[in-house]
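Chemist: This one is coords16.cif, mmCIF, C-alpha atoms and all ligand atoms.
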data_coords
loop_
_atom_site.label_atom_id
_atom_site.label_comp_id
_atom_site.auth_asym_id
_atom_site.auth_seq_id
_atom_site.Cartn_x
_atom_site.Cartn_y
_atom_site.Cartn_z
CA MET A 28 -1.21 -4.85 -24.29
CA LYS A 29 1.96 -6.79 -25.17
CA SER A 30 4.42 -7.26 -22.29
CA TRP A 31 8.04 -6.37 -23.01
CA ILE A 32 9.48 -7.87 -19.83
CA LEU A 33 12.88 -9.44 -20.61
CA SER A 34 13.36 -13.19 -20.13
CA ASP A 35 15.97 -14.58 -17.71
CA GLU A 36 18.17 -15.43 -20.73
CA GLN A 37 18.00 -11.86 -22.06
CA ARG A 38 18.83 -10.44 -18.63
CA TRP A 39 21.75 -12.85 -18.28
CA GLU A 40 23.09 -11.83 -21.68
CA PHE A 41 22.70 -8.14 -20.79
CA ASP A 42 24.44 -8.71 -17.47
CA CYS A 43 27.37 -10.53 -19.10
CA LYS A 44 27.87 -8.32 -22.15
CA GLY A 45 26.53 -4.92 -21.09
CA PHE A 46 24.15 -4.77 -24.06
CA ILE A 47 21.53 -6.81 -25.91
CA ILE A 48 19.61 -6.55 -29.16
CA ILE A 49 15.81 -6.63 -28.95
CA SER A 50 14.28 -7.26 -32.39
CA ASN A 51 11.09 -5.56 -33.62
CA PHE A 52 11.06 -3.15 -30.67
CA LEU A 53 9.33 -0.28 -32.50
CA GLU A 54 6.43 -0.96 -34.85
CA LEU A 55 7.54 -0.61 -38.49
CA ASP A 56 4.95 2.07 -39.38
CA LEU A 57 5.96 4.15 -36.34
CA THR A 58 9.65 3.68 -37.19
CA GLN A 59 9.06 4.91 -40.74
CA GLU A 60 6.96 7.85 -39.53
CA ILE A 61 9.75 8.90 -37.14
CA ALA A 62 12.41 8.40 -39.82
CA ALA A 63 10.50 10.74 -42.16
CA VAL A 64 10.38 13.47 -39.47
CA ALA A 65 14.01 12.81 -38.55
CA ARG A 66 15.07 13.65 -42.14
CA GLY A 67 14.19 17.29 -41.35
CA PHE A 68 17.01 17.31 -38.75
CA GLU A 69 19.68 16.14 -41.19
CA ARG A 70 22.90 18.21 -41.41
CA PRO A 71 25.89 17.76 -43.75
CA HIS A 72 27.78 16.17 -40.86
CA TYR A 73 27.24 13.67 -38.02
CA SER A 74 24.69 15.19 -35.65
CA GLN A 75 22.97 14.52 -32.34
CA THR A 76 19.82 16.40 -31.32
CA SER A 77 18.80 15.82 -27.71
CA CYS A 78 15.78 16.49 -25.47
CA LEU A 79 13.29 15.75 -28.24
CA LEU A 80 9.99 16.40 -26.45
CA ASP A 81 9.94 20.03 -27.62
CA GLN A 82 11.13 19.23 -31.14
CA HIS A 83 8.15 17.37 -32.66
CA PRO A 84 5.03 15.60 -31.25
CA ILE A 85 5.97 12.26 -32.93
CA PHE A 86 8.92 11.85 -30.53
CA ASN A 87 6.46 11.55 -27.66
CA LYS A 88 5.42 8.13 -29.05
CA VAL A 89 8.91 6.75 -28.69
CA ILE A 90 9.89 8.45 -25.42
CA PHE A 91 6.83 6.97 -23.70
CA HIS A 92 6.77 3.74 -25.73
CA PRO A 93 5.47 0.72 -23.72
CA ALA A 94 8.64 -1.27 -24.50
CA VAL A 95 10.84 1.44 -22.91
CA ASP A 96 8.40 1.67 -20.02
CA HIS A 97 8.16 -2.06 -19.23
CA ILE A 98 11.89 -2.75 -19.43
CA SER A 99 12.91 0.36 -17.47
CA GLY A 100 10.39 -0.60 -14.78
CA GLN A 101 11.82 -4.13 -14.72
CA PHE A 102 15.32 -2.79 -13.93
CA PHE A 103 14.63 0.32 -11.83
CA GLY A 104 11.08 -0.01 -10.50
CA ASP A 105 10.02 3.66 -10.54
CA TYR A 106 12.20 5.44 -13.11
CA ARG A 107 12.66 8.72 -14.99
CA ILE A 108 13.33 9.64 -18.60
CA LYS A 109 16.81 11.16 -18.53
CA THR A 110 16.91 12.35 -22.11
CA SER A 111 16.17 11.44 -25.70
CA VAL A 112 18.52 11.81 -28.68
CA LEU A 113 18.23 11.69 -32.45
CA VAL A 114 21.45 10.62 -34.20
CA ILE A 115 22.12 11.04 -37.91
CA ASN A 116 25.34 9.72 -39.41
CA PRO A 117 25.00 10.79 -43.07
CA ALA A 118 26.22 8.82 -46.07
CA LYS A 119 29.87 9.38 -46.94
CA GLU A 120 29.32 11.52 -50.05
CA LYS A 121 27.07 13.96 -48.16
CA ARG A 122 29.39 14.48 -45.20
CA THR A 123 31.54 17.58 -45.10
CA GLY A 124 33.28 16.96 -41.77
CA GLY A 125 32.46 16.24 -38.18
CA ILE A 126 33.76 14.06 -35.40
CA GLU A 127 36.62 11.62 -35.69
CA TRP A 128 35.98 7.88 -35.22
CA PRO A 129 36.46 5.49 -33.61
CA SER A 130 36.20 7.28 -30.30
CA TRP A 131 35.69 4.69 -27.57
CA HIS A 132 34.01 5.90 -24.39
CA GLN A 133 31.67 5.08 -21.53
CA ASP A 134 28.65 7.29 -20.87
CA ALA A 135 28.55 10.11 -18.38
CA ASP A 136 25.90 12.14 -16.60
CA HIS A 137 25.25 15.26 -18.73
CA GLY A 138 28.52 14.49 -20.50
CA THR A 139 30.36 15.73 -17.41
CA HIS A 140 30.47 13.27 -14.52
CA PRO A 141 31.68 9.82 -15.61
CA TYR A 142 29.41 7.18 -14.07
CA TYR A 143 32.15 4.54 -14.25
CA GLN A 144 34.14 6.36 -11.55
CA THR A 145 31.41 5.76 -8.96
CA GLY A 146 32.16 2.11 -8.24
CA TRP A 147 33.48 -1.15 -9.55
CA PRO A 148 31.88 -3.11 -11.09
CA CYS A 149 29.90 -0.05 -12.12
CA PRO A 150 26.24 -0.23 -10.97
CA LEU A 151 23.49 0.29 -13.53
CA PHE A 152 22.54 4.00 -13.48
CA GLN A 153 21.31 4.40 -17.00
CA LEU A 154 19.63 2.21 -19.61
CA ARG A 155 20.12 3.46 -23.13
CA PHE A 156 17.71 2.27 -25.82
CA PHE A 157 19.15 2.86 -29.32
CA MET A 158 16.30 2.30 -31.80
CA ALA A 159 17.35 1.88 -35.41
CA LEU A 160 15.52 4.11 -37.91
CA SER A 161 17.60 2.66 -40.76
CA ASP A 162 19.06 -0.82 -41.36
CA VAL A 163 22.67 -1.31 -40.22
CA GLU A 164 24.00 -4.47 -41.87
CA PHE A 165 27.75 -3.92 -42.11
CA ALA A 166 30.46 -1.96 -40.27
CA GLU A 167 30.64 0.40 -43.31
CA HIS A 168 27.11 1.62 -42.48
CA GLY A 169 28.54 3.61 -39.59
CA GLY A 170 26.72 1.99 -36.69
CA LEU A 171 28.09 1.25 -33.24
CA ALA A 172 30.90 -1.01 -32.07
CA LEU A 173 30.74 -2.26 -28.46
CA TYR A 174 33.20 -4.11 -26.26
CA PRO A 175 31.31 -7.00 -24.54
CA GLY A 176 31.81 -7.21 -20.78
CA SER A 177 33.58 -3.85 -20.58
CA HIS A 178 30.94 -2.50 -18.16
CA ARG A 179 32.42 -4.86 -15.56
CA THR A 180 36.07 -3.90 -15.94
CA LYS A 181 38.17 -1.21 -14.34
CA LEU A 182 39.11 1.73 -16.53
CA SER A 183 41.90 0.21 -18.56
CA TRP A 184 41.63 -1.69 -21.78
CA PRO A 185 44.23 -3.21 -24.03
CA PHE A 186 43.63 -1.24 -27.21
CA SER A 187 43.92 2.22 -28.63
CA HIS A 188 40.80 4.42 -28.56
CA LYS A 189 41.22 4.85 -32.29
CA SER A 190 41.14 1.16 -33.30
CA VAL A 191 38.34 -1.43 -33.57
CA PRO A 192 39.65 -4.48 -31.68
CA ALA A 193 38.74 -7.97 -32.88
CA ALA A 194 36.83 -8.75 -29.65
CA SER A 195 34.41 -5.86 -30.17
CA GLU A 196 30.95 -6.48 -31.63
CA ILE A 197 29.23 -4.48 -34.35
CA PRO A 198 25.54 -5.35 -34.08
CA THR A 199 23.38 -5.80 -37.15
CA LEU A 200 20.09 -3.95 -36.81
CA ARG A 201 16.93 -3.76 -38.85
CA GLN A 202 14.65 -0.70 -38.77
CA GLY A 203 12.75 -0.84 -35.46
CA ASP A 204 15.28 -3.08 -33.66
CA CYS A 205 16.75 -1.86 -30.39
CA LEU A 206 20.24 -2.04 -28.94
CA MET A 207 19.89 -1.67 -25.17
CA MET A 208 23.10 -0.69 -23.35
CA HIS A 209 24.48 -0.35 -19.79
CA GLN A 210 26.07 3.11 -19.40
CA ALA A 211 29.51 1.69 -18.54
CA THR A 212 29.84 -0.44 -21.71
CA LEU A 213 32.65 0.82 -23.94
CA HIS A 214 31.27 1.85 -27.30
CA THR A 215 31.95 4.03 -30.30
CA ALA A 216 30.19 5.22 -33.42
CA LEU A 217 31.94 4.11 -36.63
CA PRO A 218 32.60 6.18 -39.75
CA ASN A 219 29.82 5.83 -42.31
CA GLU A 220 31.67 4.65 -45.41
CA SER A 221 28.49 3.77 -47.28
CA ALA A 222 25.91 5.47 -49.50
CA ARG A 223 23.21 4.92 -46.82
CA ASP A 224 22.40 7.40 -44.02
CA ARG A 225 22.40 5.85 -40.55
CA LEU A 226 19.68 7.19 -38.23
CA ASN A 227 18.68 6.19 -34.72
CA ILE A 228 16.52 7.54 -31.94
CA GLN A 229 17.50 6.96 -28.34
CA VAL A 230 15.71 7.10 -25.01
CA LEU A 231 17.77 7.04 -21.81
CA THR A 232 16.16 6.07 -18.51
CA THR A 233 17.51 6.20 -14.94
CA PRO A 234 16.52 5.64 -11.34
CA VAL A 235 14.43 8.54 -9.97
CA TRP A 236 17.29 10.14 -8.00
CA ILE A 237 19.37 11.02 -11.08
CA ARG A 238 18.99 14.44 -12.76
CA SER A 239 16.87 14.50 -15.90
CA ASN A 240 18.09 16.60 -18.85
CA GLU A 241 14.58 16.36 -20.30
CA ALA A 242 13.11 17.91 -17.11
CA GLU A 243 15.65 20.74 -17.21
CA THR A 244 14.87 21.68 -20.82
CA VAL A 245 11.21 20.86 -21.56
CA SER A 246 9.02 23.93 -22.07
CA GLY A 247 6.09 24.59 -19.71
CA LYS A 248 3.71 24.37 -22.68
CA ILE A 249 4.79 20.85 -23.70
CA LEU A 250 4.96 19.68 -20.08
CA ASN A 251 1.37 20.84 -19.48
CA GLU A 252 0.15 18.88 -22.50
CA LEU A 253 1.48 15.59 -21.06
CA SER A 254 -0.71 13.18 -19.10
CA GLU A 255 -0.01 13.02 -15.35
CA GLU A 256 1.63 9.62 -15.87
CA HIS A 257 3.99 10.94 -18.53
CA LYS A 258 4.71 14.15 -16.60
CA ASN A 259 5.76 12.00 -13.66
CA ARG A 260 8.26 10.16 -15.89
CA ILE A 261 9.96 13.50 -16.58
CA MET A 262 9.75 15.04 -13.13
CA PRO A 263 8.10 13.96 -9.90
CA ALA A 264 4.96 15.83 -8.78
CA LYS A 265 6.85 16.93 -5.65
CA TRP A 266 10.60 17.11 -5.12
O1 LIG A 301 26.20 7.39 -32.97
C1 LIG A 301 25.47 6.91 -32.10
O2 LIG A 301 24.43 6.29 -32.36
C2 LIG A 301 25.82 7.07 -30.63
C3 LIG A 301 27.15 7.69 -30.42
C4 LIG A 301 27.70 7.56 -29.05
O3 LIG A 301 28.53 6.75 -28.82
C5 LIG A 301 27.23 8.37 -27.95
O4 LIG A 301 26.46 9.30 -28.17
O5 LIG A 301 27.62 8.08 -26.79
#
Would you mind writing the structure in this file as structure tokens?
Modeler:
Amino acid sequence: MKSWILSDEQRWEFDCKGFIIISNFLELDLTQEIAAVARGFERPHYSQTSCLLDQHPIFNKVIFHPAVDHISGQFFGDYRIKTSVLVINPAKEKRTGGIEWPSWHQDADHGTHPYYQTGWPCPLFQLRFFMALSDVEFAEHGGLALYPGSHRTKLSWPFSHKSVPAASEIPTLRQGDCLMMHQATLHTALPNESARDRLNIQVLTTPVWIRSNEAETVSGKILNELSEEHKNRIMPAKW
């Protein structure tokens, strides 16, 4: 089996910037299969669907993908799946409303407890793998903007939450590429001004001592169908 362990250069880049791009992360046929299923979740506005294990069996293949597994193990040793999310940012002409962008933020536990308030520089508590289900070539495609190095700063930055400062980066992604992010990196989704839908699927992993949204929501039926190894990634055999 292919090893996904990051090189020293990739780790250095991740450490400096708070994110990296890993090309060809998901196999193209799997990416297209997931994208086809994801279409069934499309709404006439920007949407996020989380805790995907119960939603469709295909999501299992990405939540437990070897690339997520190897890299999470490299950073955390033993680790847990915190959650999984499907994001759809529909093409401009299809959208009837939704959230306002840009909306810069750092990630939080369950959307409630901001991780960045725990220490400075903020330790790594959560790896977020954004896997592109559609190509994102230009800012108009409504992808993500990130502020490099912001995971190392205190909570103050010299720009309005509603602007896109020149020093931010808007990564270009092909279907199957992955943007891997530290939870304290400032980021925002951008408005989709194009005729192309933007879709991604995300898996978030954490050290074992952090609560797992997936564990709190997965049904007994789906949990029982998982292998022991996969079950253990959601919740430990014994607390
Ligand atoms: O639109 C996305 O892909 C992610 C949006 C975002 O910034 C978030 O969910 O924290």
Chemist: Between A:Ala94, A:Leu80, A:Cys43, A:Ala159, single out the one closest to ligand LIG 301 (chain A), counting only C-alpha atoms and all ligand atoms.
Modeler: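 For ligand LIG 301 (chain A), the nearest of the candidates is A:Ala159.
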Chemist: Find the spatial neighbours of Thr145 in chain A, counting all atoms listed in the file, within a cut-off of 12 Å - ignore same-chain residues fewer than 3 positions away - and output them as a PDB file with C-alpha atoms, in the frame of the given file.
Modeler:
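selection_39.pdb, written as the output of this step:
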ATOM      1  CA  ALA A 135      28.550  10.110 -18.380  1.00  0.00           C
ATOM      2  CA  ASP A 136      25.900  12.140 -16.600  1.00  0.00           C
ATOM      3  CA  HIS A 140      30.470  13.270 -14.520  1.00  0.00           C
ATOM      4  CA  PRO A 141      31.680   9.820 -15.610  1.00  0.00           C
ATOM      5  CA  TYR A 142      29.410   7.180 -14.070  1.00  0.00           C
ATOM      6  CA  PRO A 148      31.880  -3.110 -11.090  1.00  0.00           C
ATOM      7  CA  CYS A 149      29.900  -0.050 -12.120  1.00  0.00           C
ATOM      8  CA  PRO A 150      26.240  -0.230 -10.970  1.00  0.00           C
ATOM      9  CA  LEU A 151      23.490   0.290 -13.530  1.00  0.00           C
ATOM     10  CA  PHE A 152      22.540   4.000 -13.480  1.00  0.00           C
ATOM     11  CA  LYS A 181      38.170  -1.210 -14.340  1.00  0.00           C
ATOM     12  CA  LEU A 182      39.110   1.730 -16.530  1.00  0.00           C
ATOM     13  CA  ALA A 211      29.510   1.690 -18.540  1.00  0.00           C
TER      14      ALA A 211
END
Chemist: From (7.4, 8.5, -26.1), in the file's coordinates, out to 12 Å: which residues are reached, counting only C-alpha atoms? Answer as a VMD selection string.
Modeler: chain A and resid 53 57 61 78 to 81 83 to 96 108 110 to 112 228 to 232 253 to 254 256 to 258 260 to 261
Chemist: Give me the residues near Arg225 in chain A as JSON, numbers by chain, where near means some atom within 10 Å (using only C-alpha atoms) and where sequence neighbours in that chain fewer than 5 positions away do not count.
Modeler: {"A": [73, 114, 115, 116, 117, 118, 159, 160, 161, 162, 163, 168, 169, 170, 219]}
Chemist: Give me the residues within 12 Å of Ser187 in chain A as a PyMOL selection string, counting only C-alpha atoms and dropping any in the same chain fewer than 5 places off.
Modeler: chain A and resi 128-132+192
Chemist: Could you give me the residues within 6 Å of ligand LIG 301 (chain A), counting all atoms listed in the file, as a ChimeraX atom specification?
Modeler: /A:114,214-216
Chemist: Have a look at A:Thr212, A:Gln202, A:Ser30, A:Ser221 and name the one nearest to Pro175 in chain A; count all atoms listed in the file.
Modeler: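 Distance minimum relative to Pro175 in chain A lands on A:Thr212.
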Chemist: Identify which of the residues A:Arg179, A:Asn227, A:Trp31, A:Leu217 lies closest to Leu200 in chain A, counting all atoms listed in the file when measuring atom-to-atom distances.
Modeler: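 Among the listed residues, the smallest separation from Leu200 in chain A belongs to A:Asn227.
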Chemist: Please provide the set of residues having any atom within 10 Å of Gly124 in chain A, restricted to only C-alpha atoms, with same-chain residues fewer than 3 positions apart removed, written as a list in words.
Modeler: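 That gives Pro71, His72, Tyr73, Lys119, Lys121 and Glu127 of chain A.
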Chemist: Which of these, A:Met28, A:Leu154, A:Ile49, A:Ala166, has the shortest distance to Pro218 in chain A once you count only C-alpha atoms?
Modeler: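 Of A:Met28, A:Leu154, A:Ile49, A:Ala166, the one nearest Pro218 in chain A, counting only C-alpha atoms, is A:Ala166.
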Chemist: Between CA of Asn259 in chain A and CA of Met208 in chain A, what is the distance in Å, rounded to a tenth?
Modeler: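 Interatomic distance here is 23.6 Å.
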Chemist: I'd like to know which of A:Leu226, A:Asp105, A:Asn240, A:Ala194 is closest to Pro263 in chain A, using only C-alpha atoms.
Modeler: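 Result for the nearest residue to Pro263 in chain A: A:Asp105.
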Chemist: Between CA of Asn51 in chain A and CA of Glu196 in chain A, measure the distance and give it in Å to one decimal.
Modeler: 20.0 Å
Chemist: In Å, with one decimal, what is the gap from CA of Ser74 in chain A to CA of Leu113 in chain A?
Modeler: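 Separation between CA of Ser74 in chain A and CA of Leu113 in chain A: 8.0 Å.
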Chemist: Pick out the closest residue to Ile48 in chain A from this set: A:Leu206, A:Ile126, A:Leu171, A:Ile32. Count only C-alpha atoms.
Modeler: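 So, comparing all the options, the nearest one is A:Leu206.
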Chemist: Which residues are close to His209 in chain A, i.e. within 10 Å by all atoms listed in the file, leaving aside same-chain residues fewer than 3 positions away? Reply as an NGL selection string.
Modeler: :A and (41-42 or 44-47 or 133-134 or 149-156 or 177-178 or 212-213)
